[in-house]
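Here is the file model_0.tsv (TSV, C-alpha atoms).
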```tsv
chain	number	residue	atom	x	y	z
A	579	MET	CA	92.62	125.02	92.28
A	580	SER	CA	91.68	122.05	90.14
A	581	ASN	CA	94.45	119.84	88.77
A	582	LYS	CA	92.51	119.24	85.54
A	583	PRO	CA	94.13	122.10	83.51
A	584	ILE	CA	97.61	121.01	84.62
A	585	LEU	CA	96.88	117.40	83.72
A	586	GLN	CA	95.52	118.46	80.33
A	587	LEU	CA	98.59	120.57	79.58
A	588	SER	CA	100.83	117.70	80.63
A	589	ILE	CA	99.08	115.27	78.30
A	590	TYR	CA	99.20	117.71	75.38
A	591	GLY	CA	102.87	118.40	76.06
A	592	ALA	CA	103.76	114.71	76.31
A	593	VAL	CA	102.08	113.91	72.98
A	594	CYS	CA	103.76	116.83	71.21
A	595	LEU	CA	107.14	115.89	72.67
A	596	ALA	CA	106.67	112.33	71.43
A	597	LEU	CA	105.96	113.65	67.93
A	598	LEU	CA	109.07	115.83	68.03
A	599	LEU	CA	111.21	112.83	69.03
A	600	VAL	CA	110.12	110.66	66.08
A	601	PRO	CA	113.23	111.50	63.95
A	602	ALA	CA	115.42	110.12	66.74
A	603	PHE	CA	114.07	106.64	66.00
A	604	ILE	CA	113.54	106.81	62.22
A	605	ASP	CA	116.32	107.27	59.67
A	606	ASP	CA	114.21	106.59	56.57
A	607	ALA	CA	113.66	109.89	54.73
A	608	PHE	CA	110.58	108.56	52.94
A	609	LEU	CA	108.93	107.58	56.23
A	610	LEU	CA	109.72	110.97	57.76
A	611	ASN	CA	108.09	112.65	54.77
A	612	LYS	CA	105.03	110.42	55.18
A	613	PHE	CA	104.77	111.14	58.91
A	614	ALA	CA	105.11	114.86	58.20
A	615	ARG	CA	102.09	114.61	55.90
A	616	TYR	CA	100.13	112.84	58.64
A	617	LEU	CA	100.98	115.62	61.10
A	618	ILE	CA	99.71	118.20	58.62
A	619	PHE	CA	96.44	116.32	58.45
A	620	GLY	CA	96.43	116.38	62.25
A	621	MET	CA	96.69	120.20	62.11
A	622	LEU	CA	93.73	120.26	59.72
A	623	ALA	CA	91.74	118.19	62.20
A	624	VAL	CA	92.60	120.64	64.98
A	625	ALA	CA	91.31	123.48	62.78
A	626	LEU	CA	87.97	121.77	62.19
A	627	SER	CA	87.65	120.69	65.82
A	628	LEU	CA	88.02	124.33	66.86
A	629	SER	CA	85.04	125.47	64.78
A	630	TRP	CA	82.89	122.32	64.84
A	631	GLY	CA	83.58	120.91	68.28
A	632	TYR	CA	83.75	124.17	70.22
A	633	ALA	CA	81.40	126.44	68.28
A	634	GLY	CA	79.07	123.96	66.58
A	635	ILE	CA	79.97	125.12	63.05
A	636	LEU	CA	80.25	122.12	60.74
A	637	ASN	CA	82.52	123.28	57.92
A	638	LEU	CA	82.26	120.87	54.98
A	639	GLY	CA	84.58	123.14	53.00
A	640	GLN	CA	87.60	123.16	55.33
A	641	ALA	CA	89.75	122.14	52.36
A	642	THR	CA	89.08	125.56	50.79
A	643	THR	CA	91.26	127.44	53.24
A	644	PHE	CA	93.79	124.60	53.22
A	645	GLY	CA	94.08	124.90	49.43
A	646	LEU	CA	94.32	128.69	49.50
A	647	GLY	CA	97.26	128.49	51.89
A	648	SER	CA	98.86	125.84	49.70
A	649	TYR	CA	98.59	127.97	46.56
A	650	CYS	CA	99.98	131.06	48.33
A	651	MET	CA	103.15	129.14	49.20
A	652	ALA	CA	103.34	127.46	45.78
A	653	MET	CA	103.18	130.81	43.97
A	654	ALA	CA	106.14	132.14	45.92
A	655	LEU	CA	108.24	128.99	45.51
A	656	LYS	CA	107.40	128.82	41.79
A	657	LEU	CA	108.81	132.30	41.26
A	658	LYS	CA	112.05	131.17	42.94
A	659	THR	CA	112.45	128.11	40.73
A	660	VAL	CA	115.72	127.82	38.79
A	661	PRO	CA	115.47	129.41	35.28
A	662	ILE	CA	115.42	126.08	33.43
A	663	HIS	CA	111.87	125.49	34.63
A	664	THR	CA	110.54	128.95	33.79
A	665	GLY	CA	110.00	131.12	30.78
A	666	ALA	CA	111.49	134.47	29.84
A	667	GLU	CA	112.28	136.75	32.79
A	668	GLY	CA	111.24	134.09	35.29
A	669	LEU	CA	107.69	133.69	33.96
A	670	PRO	CA	106.23	130.38	35.23
A	671	ASP	CA	106.38	127.67	32.58
A	672	PHE	CA	102.63	126.97	32.47
A	673	MET	CA	102.03	130.66	31.70
A	674	VAL	CA	104.41	130.44	28.75
A	675	TRP	CA	102.56	127.38	27.48
A	676	ASN	CA	99.30	129.36	27.67
A	677	ASN	CA	100.75	132.36	25.77
A	678	VAL	CA	100.91	134.69	28.78
A	679	THR	CA	103.56	137.32	28.00
A	680	GLU	CA	104.04	139.04	31.36
A	681	LEU	CA	103.61	138.19	35.01
A	682	PRO	CA	99.99	138.87	36.14
A	683	TRP	CA	99.57	141.56	38.77
A	684	LEU	CA	98.19	139.01	41.24
A	685	TRP	CA	101.55	137.25	41.22
A	686	TRP	CA	103.71	140.34	41.78
A	687	PRO	CA	103.60	140.41	45.62
A	688	PHE	CA	104.50	136.71	45.80
A	689	GLN	CA	108.03	137.47	44.71
A	690	SER	CA	108.47	138.17	48.44
A	691	LEU	CA	108.50	135.02	50.57
A	692	PRO	CA	107.49	136.84	53.80
A	693	PHE	CA	104.47	138.22	51.94
A	694	ALA	CA	103.55	134.72	50.77
A	695	VAL	CA	103.73	133.35	54.32
A	696	ALA	CA	101.55	136.19	55.62
A	697	ALA	CA	99.12	135.70	52.72
A	698	GLY	CA	98.93	131.96	53.44
A	699	ILE	CA	97.48	132.88	56.84
A	700	LEU	CA	95.53	136.04	56.10
A	701	VAL	CA	93.94	135.11	52.75
A	702	PRO	CA	92.21	131.98	54.14
A	703	ALA	CA	91.23	133.88	57.28
A	704	ALA	CA	89.81	136.78	55.24
A	705	PHE	CA	87.93	134.40	52.97
A	706	ALA	CA	86.41	132.63	55.99
A	707	ALA	CA	85.60	135.95	57.69
A	708	LEU	CA	83.76	137.18	54.58
A	709	LEU	CA	81.83	133.92	54.28
A	710	GLY	CA	81.15	133.96	58.02
A	711	TRP	CA	79.88	137.53	57.89
A	712	PHE	CA	77.41	136.47	55.19
A	713	MET	CA	76.28	133.28	56.95
A	714	PHE	CA	76.25	134.18	60.62
A	715	GLY	CA	75.12	137.76	60.07
A	716	GLY	CA	72.08	136.27	58.36
A	717	ARG	CA	71.68	133.71	61.17
A	718	VAL	CA	72.35	130.80	58.85
A	719	ALA	CA	73.13	127.74	60.97
A	720	GLY	CA	73.14	123.96	61.05
A	721	VAL	CA	73.01	122.02	57.83
A	722	TYR	CA	72.52	125.19	55.78
A	723	SER	CA	75.88	126.65	56.80
A	724	ALA	CA	77.49	123.28	56.07
A	725	ILE	CA	76.02	123.31	52.56
A	726	ILE	CA	77.19	126.89	51.96
A	727	THR	CA	80.77	126.05	52.95
A	728	LEU	CA	80.69	123.04	50.64
A	729	ALA	CA	79.32	125.11	47.76
A	730	ALA	CA	81.94	127.82	48.32
A	731	MET	CA	84.68	125.22	48.12
A	732	VAL	CA	83.35	123.86	44.83
A	733	VAL	CA	83.23	127.39	43.38
A	734	VAL	CA	86.82	128.17	44.37
A	735	ASN	CA	87.95	124.80	43.01
A	736	LEU	CA	86.27	125.46	39.65
A	737	ILE	CA	87.80	128.94	39.42
A	738	ILE	CA	91.29	127.58	39.99
A	739	ILE	CA	90.80	124.86	37.38
A	740	ASP	CA	89.25	127.28	34.87
A	741	GLN	CA	92.00	129.91	35.14
A	742	GLN	CA	94.68	127.60	33.79
A	743	SER	CA	96.82	130.44	32.46
A	744	TYR	CA	97.26	131.84	35.97
A	745	THR	CA	96.89	128.83	38.29
A	746	GLY	CA	98.11	125.85	36.27
A	747	GLY	CA	94.59	124.44	35.96
A	748	PHE	CA	94.20	120.70	36.53
A	749	ASN	CA	97.97	120.24	36.74
A	750	GLY	CA	98.37	122.70	39.58
A	751	ILE	CA	101.68	124.42	40.28
A	752	THR	CA	104.70	122.10	40.07
A	753	ASP	CA	108.51	122.27	39.85
A	754	LEU	CA	108.85	124.40	42.96
A	755	ALA	CA	111.96	125.70	44.63
A	756	ARG	CA	112.70	124.57	48.17
A	757	PHE	CA	111.49	126.64	51.07
A	758	GLU	CA	114.39	128.54	52.63
A	759	VAL	CA	114.41	130.72	55.76
A	760	LEU	CA	117.40	132.22	57.61
A	761	GLY	CA	119.80	130.17	55.52
A	762	ILE	CA	118.03	126.90	56.34
A	763	THR	CA	116.77	124.96	53.32
A	764	PHE	CA	113.78	122.76	54.07
A	765	ASP	CA	114.07	119.77	51.78
A	766	ALA	CA	110.84	117.78	51.67
A	767	TYR	CA	112.61	114.64	52.93
A	768	ALA	CA	114.90	116.26	55.51
A	769	ARG	CA	114.58	116.19	59.28
A	770	SER	CA	114.44	119.98	59.32
A	771	THR	CA	111.15	119.88	57.42
A	772	TYR	CA	109.70	117.31	59.81
A	773	PHE	CA	110.64	119.52	62.77
A	774	LEU	CA	109.09	122.52	61.00
A	775	VAL	CA	105.82	120.62	60.61
A	776	ALA	CA	105.84	119.12	64.12
A	777	GLY	CA	106.73	122.48	65.68
A	778	SER	CA	103.96	124.24	63.75
A	779	LEU	CA	101.47	121.59	64.83
A	780	THR	CA	102.51	122.04	68.46
A	781	LEU	CA	102.06	125.81	68.27
A	782	ALA	CA	98.69	125.46	66.55
A	783	LEU	CA	97.48	122.90	69.08
A	784	PHE	CA	98.42	124.99	72.12
A	785	ALA	CA	97.13	128.21	70.55
A	786	ALA	CA	93.78	126.53	69.89
A	787	LEU	CA	93.76	125.12	73.43
A	788	ALA	CA	94.45	128.58	74.89
A	789	LEU	CA	91.57	129.98	72.87
A	790	THR	CA	89.13	127.32	74.09
A	791	ARG	CA	90.10	127.98	77.73
A	792	SER	CA	89.73	131.75	77.41
A	793	LYS	CA	86.55	133.73	78.02
A	794	THR	CA	85.97	133.79	74.26
A	795	GLY	CA	86.25	130.01	74.18
A	796	LEU	CA	83.70	129.62	76.96
A	797	ILE	CA	81.28	131.91	75.13
A	798	LEU	CA	81.77	129.89	71.94
A	799	GLN	CA	80.92	126.69	73.79
A	800	ALA	CA	77.84	128.37	75.22
A	801	ILE	CA	76.84	129.40	71.70
A	802	ARG	CA	77.27	125.80	70.59
A	803	ASP	CA	74.94	124.58	73.34
A	804	GLN	CA	72.41	127.42	73.69
A	805	GLU	CA	72.85	130.04	70.96
A	806	GLU	CA	69.59	131.91	71.63
A	807	ARG	CA	70.30	132.18	75.34
A	808	VAL	CA	73.75	133.67	74.66
A	809	ARG	CA	72.18	136.15	72.26
A	810	PHE	CA	69.63	137.03	74.96
A	811	PHE	CA	72.47	138.00	77.31
A	812	GLY	CA	73.62	140.60	74.80
A	813	TYR	CA	76.56	138.89	73.11
A	814	ASN	CA	77.10	139.40	69.39
A	815	VAL	CA	76.84	135.74	68.38
A	816	ALA	CA	77.62	136.39	64.71
A	817	ARG	CA	80.86	138.15	65.61
A	818	TYR	CA	82.06	135.32	67.84
A	819	LYS	CA	81.21	132.66	65.28
A	820	THR	CA	82.91	134.62	62.49
A	821	PHE	CA	86.01	134.99	64.64
A	822	VAL	CA	86.39	131.28	65.39
A	823	PHE	CA	85.57	130.46	61.76
A	824	ALA	CA	88.43	132.74	60.63
A	825	ALA	CA	90.80	131.39	63.30
A	826	SER	CA	90.10	127.85	62.12
A	827	ALA	CA	90.78	128.96	58.54
A	828	ALA	CA	94.11	130.53	59.53
A	829	ILE	CA	95.29	127.23	61.05
A	830	ALA	CA	94.16	125.40	57.91
A	831	GLY	CA	96.06	127.93	55.80
A	832	VAL	CA	99.27	127.22	57.69
A	833	ALA	CA	98.67	123.50	57.17
A	834	GLY	CA	98.23	124.14	53.45
A	835	MET	CA	101.54	126.00	53.20
A	836	LEU	CA	103.33	123.18	55.00
A	837	TYR	CA	101.70	120.63	52.71
A	838	THR	CA	103.10	122.40	49.66
A	839	ILE	CA	106.58	122.33	51.22
A	840	VAL	CA	106.28	118.62	52.00
A	841	MET	CA	104.63	117.56	48.73
A	842	GLU	CA	106.53	120.05	46.52
A	843	PHE	CA	103.48	121.03	44.48
A	844	ALA	CA	100.00	122.53	44.79
A	845	SER	CA	96.94	120.98	43.19
A	846	PRO	CA	93.21	121.73	42.88
A	847	THR	CA	92.65	118.36	44.56
A	848	PHE	CA	93.72	120.11	47.77
A	849	LEU	CA	90.40	121.98	47.54
A	850	GLY	CA	88.35	118.91	46.67
A	851	VAL	CA	85.30	117.36	48.27
A	852	PRO	CA	87.06	114.06	49.16
A	853	LEU	CA	89.61	115.84	51.34
A	854	SER	CA	86.99	117.96	53.10
A	855	LEU	CA	84.86	114.93	53.91
A	856	SER	CA	87.95	113.06	55.10
A	857	ILE	CA	88.69	115.84	57.59
A	858	VAL	CA	85.19	115.46	59.02
A	859	ILE	CA	85.77	111.71	59.40
A	860	TRP	CA	89.12	112.23	61.16
A	861	VAL	CA	87.56	114.62	63.67
A	862	ALA	CA	84.52	112.38	64.24
A	863	VAL	CA	86.77	109.39	64.92
A	864	GLY	CA	89.02	111.27	67.32
A	865	GLY	CA	86.27	113.25	69.03
A	866	ARG	CA	85.19	116.66	67.81
A	867	GLN	CA	85.09	118.24	71.26
A	868	SER	CA	88.74	117.39	71.94
A	869	LEU	CA	91.54	119.14	70.03
A	870	LEU	CA	94.02	116.42	70.92
A	871	GLY	CA	91.48	113.70	70.16
A	872	ALA	CA	90.79	115.19	66.72
A	873	MET	CA	94.50	115.36	65.96
A	874	LEU	CA	95.10	111.77	67.07
A	875	GLY	CA	92.05	110.68	65.10
A	876	ALA	CA	93.60	112.16	61.96
A	877	LEU	CA	96.93	110.44	62.65
A	878	LEU	CA	95.19	107.12	63.33
A	879	VAL	CA	92.90	107.15	60.30
A	880	THR	CA	95.52	108.36	57.81
A	881	GLY	CA	98.09	105.96	59.23
A	882	VAL	CA	95.78	102.96	58.97
A	883	GLN	CA	94.65	104.11	55.53
A	884	GLY	CA	98.26	104.38	54.35
A	885	SER	CA	99.14	100.94	55.71
A	886	LEU	CA	96.09	99.26	54.18
A	887	SER	CA	96.51	100.93	50.77
A	888	GLU	CA	100.12	99.72	50.59
A	889	SER	CA	99.25	96.17	51.66
A	890	GLU	CA	98.85	93.51	48.99
A	891	THR	CA	96.05	91.90	51.00
A	892	PHE	CA	93.91	95.04	51.16
A	893	LEU	CA	95.09	96.71	47.96
A	894	SER	CA	91.64	96.64	46.35
A	895	THR	CA	89.45	96.59	49.47
A	896	TRP	CA	91.06	99.09	51.84
A	897	THR	CA	88.40	101.75	51.17
A	898	LEU	CA	85.70	99.24	52.13
A	899	VAL	CA	87.55	98.39	55.34
A	900	MET	CA	87.96	102.07	56.24
A	901	GLY	CA	84.28	102.71	55.54
A	902	GLY	CA	83.25	99.81	57.77
A	903	LEU	CA	85.48	101.02	60.61
A	904	PHE	CA	84.01	104.50	60.38
A	905	VAL	CA	80.44	103.15	60.52
A	906	LEU	CA	81.29	101.09	63.60
A	907	ILE	CA	82.88	104.07	65.35
A	908	VAL	CA	79.88	106.31	64.62
A	909	LEU	CA	77.45	103.66	65.89
A	910	PHE	CA	79.27	102.58	69.04
A	911	MET	CA	81.46	105.61	69.83
A	912	PRO	CA	79.45	108.71	68.85
A	913	ARG	CA	81.82	110.95	70.81
A	914	GLY	CA	84.91	109.43	69.22
A	915	LEU	CA	87.97	108.02	70.89
A	916	ALA	CA	88.21	111.01	73.23
A	917	GLY	CA	84.71	110.20	74.48
A	918	ILE	CA	85.90	106.80	75.71
A	919	VAL	CA	88.63	108.40	77.81
A	920	SER	CA	86.32	111.03	79.29
A	921	GLY	CA	83.71	108.32	79.99
A	922	LEU	CA	86.22	106.22	81.91
A	923	ARG	CA	87.34	109.28	83.85
A	924	ARG	CA	83.75	110.13	84.87
A	925	ARG	CA	83.13	106.51	85.89
A	926	ASP	CA	86.20	106.44	88.13
A	927	ALA	CA	85.48	109.83	89.71
A	928	PRO	CA	82.64	108.64	92.05
A	929	GLN	CA	84.72	105.64	93.13
A	930	ASN	CA	87.68	107.86	94.01
A	931	ALA	CA	85.40	110.24	95.91
A	932	ALA	CA	83.84	107.36	97.84
A	933	ALA	CA	87.27	105.98	98.69
A	934	GLN	CA	88.33	109.40	99.92
A	935	ARG	CA	85.27	109.69	102.17
A	936	SER	CA	85.77	106.21	103.61
A	937	ARG	CA	89.35	106.87	104.76
A	938	PRO	CA	89.72	106.92	108.59
A	939	VAL	CA	90.33	110.27	110.24
A	940	ASP	CA	92.28	111.22	113.33
A	941	ALA	CA	91.10	113.28	116.29
A	942	ALA	CA	91.80	116.52	114.45
A	943	GLY	CA	89.55	115.48	111.56
A	944	ALA	CA	92.40	114.98	109.04
A	945	PRO	CA	92.74	111.75	107.04
A	946	ALA	CA	94.78	109.15	108.87
A	947	GLY	CA	98.39	108.98	107.85
A	948	ARG	CA	98.52	112.67	106.85
A	949	THR	CA	100.41	115.16	109.01
A	950	ALA	CA	99.14	118.67	109.57
```
Just give me the structure of the file as structure tokens.
Amino acid sequence: MSNKPILQLSIYGAVCLALLLVPAFIDDAFLLNKFARYLIFGMLAVALSLSWGYAGILNLGQATTFGLGSYCMAMALKLKTVPIHTGAEGLPDFMVWNNVTELPWLWWPFQSLPFAVAAGILVPAAFAALLGWFMFGGRVAGVYSAIITLAAMVVVNLIIIDQQSYTGGFNGITDLARFEVLGITFDAYARSTYFLVAGSLTLALFAALALTRSKTGLILQAIRDQEERVRFFGYNVARYKTFVFAASAAIAGVAGMLYTIVMEFASPTFLGVPLSLSIVIWVAVGGRQSLLGAMLGALLVTGVQGSLSESETFLSTWTLVMGGLFVLIVLFMPRGLAGIVSGLRRRDAPQNAAAQRSRPVDAAGAPAGRTA
């Protein structure tokens, strides 16, 4: 049996363990909150890597499902806000300002937090499945599917902004209660919230890895490389692509819910074009065909971006610096940072094999120095 799967699991486990140990070395609540946001972006990168890197589906509207998950959580936490921030009978304040007299039916189920958590996963997944059924059932692929996902995101964004009486419009949903489960209150700046985010990222990363190593994952990679040949062998390509598209959306939905907990508000900017394009950049930098590489790419880019934007030296030029770095990476590292590691591994493999063949053997034919 090859040692490659064991080595891969060990590397993934070591990285996740390192992320979980961060609070042991940092006491600053503001920094923990910032790192928690970076980890959420890492989860978003894992979601896009799953659909783009392993199934060849470039989703330029990944922020759509992220935003839907965010709003599902925000609606529930808004209804649990202390009365001073709400209108009569717990009606959200922005509804009172827009002359809404009773809670809309769409908000009723979100009085239950478990429902909101389930909706934050299922609503994005259902939205992606419906969009996937339309696209992949009609054999839409390549740049056309990317454009459709981008257009769908713009439509959802405009709907949320337009329905100000029910969504808060441009202002989003603010003044939220804290997320509380089993008597544990997850303050945005507490260690418990960081562990919630890091633990969720770990679960998402290993769940995505398990999917890619399953039979379904192998078929998805075959579809990415030779879609017509897979269809020739009798597989329902549209169904497989819709499934991974929905699975990616579910992970993004979880990331959106966590982002609302960490940021303490939901905003239509969470469904904006800049965020969606940023996700693509993170994955391209890390390596789209590596879940761990995509995640680390997101952490690297957002970390450098945060440091540059807070620096007096690069205060007005940090976007130019980030753009230049991205251009250099695309030109000289088309497979991202993960491609460098895999390239070094392939280069060392023939040397190791040659060294193994050149070792002296004993009379029994076993390598010298090794006992039977």
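Remark: for A:Gly865, the closest of the candidate residues A:Gly591, A:Gly812, A:Gly631, A:Gly750 is A:Gly631 (distances computed over only C-alpha atoms).
Look at A:Gly831: the protein and nucleic acid residues within 8 Å of it, using only C-alpha atoms and passing over chain neighbours fewer than 2 places away, are Thr643, Phe644, Gly645, Leu646, Gly647, Ser648, Gly698, Ile699, Pro702, Ala703, Ala827, Ala828, Ile829, Ala833, Gly834 and Met835 of chain A.
If you measure from each of A:Gly639, A:Gly634, A:Gly864, A:Pro682 to A:Ala876 using only C-alpha atoms, the closest one turns out to be A:Gly864.
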Residue list as a list in words for point (101.3, 121.6, 46.8), cut-off 10 Å, only C-alpha atoms: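 Output of the proximity query reads Gly645, Gly647, Ser648, Tyr649, Cys650, Met651, Ala652, Met653, Gly750, Ile751, Thr752, Leu754, Gly834, Met835, Leu836, Tyr837, Thr838, Ile839, Val840, Met841, Glu842, Phe843, Ala844, Ser845, Pro846, Thr847 and Phe848 of chain A.
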Proximity to A:Ser588 - best of A:Ala724, A:Val858, A:Val879, A:Phe784, only C-alpha atoms: A:Phe784
Straight-line distance linking atom CA of A:Gly620 with atom CA of A:Leu877, stated in Å to one decimal: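 Answer for the atom CA of A:Gly620 to atom CA of A:Leu877 separation: 6.0 Å.
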Nearest to A:Tyr616, chosen from A:Tyr590, A:Tyr813, A:Trp860, A:Trp683, with only C-alpha atoms counted in the distances: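 Among the listed residues, A:Trp860 lies closest to A:Tyr616.
The shortest atom-to-atom distance to A:Leu617, with all atoms listed in the file taken into account, belongs to A:Val600 out of A:Leu636, A:Val851, A:Val600, A:Leu700.
Each of A:Val832, A:Thr897, A:Ile737, A:Ile859 was compared to A:Ile618 using only C-alpha atoms, and A:Val832 turns out to be the nearest.
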Nearby residues (only C-alpha atoms) at most 10 Å from A:Thr794, same-chain spacing under 6 positions excluded, as number ranges by chain: A: 788, 800, 818, 821-822
Atomic separation - atom CA of A:Val732 relative to atom CA of A:Phe672, Å: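 These two atoms are separated by 23.1 Å.
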Pairwise distance for atom CA of A:Thr763 and atom CA of A:Leu655, rounded to one decimal in Å: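 Those two atoms sit 12.2 Å apart.
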Selection near stretch 910-914 of chain A, 12 Å with all atoms listed in the file, sequence-local residues under 3 positions removed, as a ChimeraX atom specification: /A:631,858-876,903-907,917-921
Non-local contacts of A:Leu783 (8 Å; only C-alpha atoms; under 3 positions in same chain excluded) as a ChimeraX atom specification: /A:621,624,779-780,786-787,869-870
Coordinates of box centre and edge lengths for stretch 707-725 of chain A, 6 Å on every side, axis-aligned, as lines of an AutoDock Vina configuration file:
```
center_x = 78.6
center_y = 129.9
center_z = 56.9
size_x = 25.9
size_y = 27.7
size_z = 20.6
```
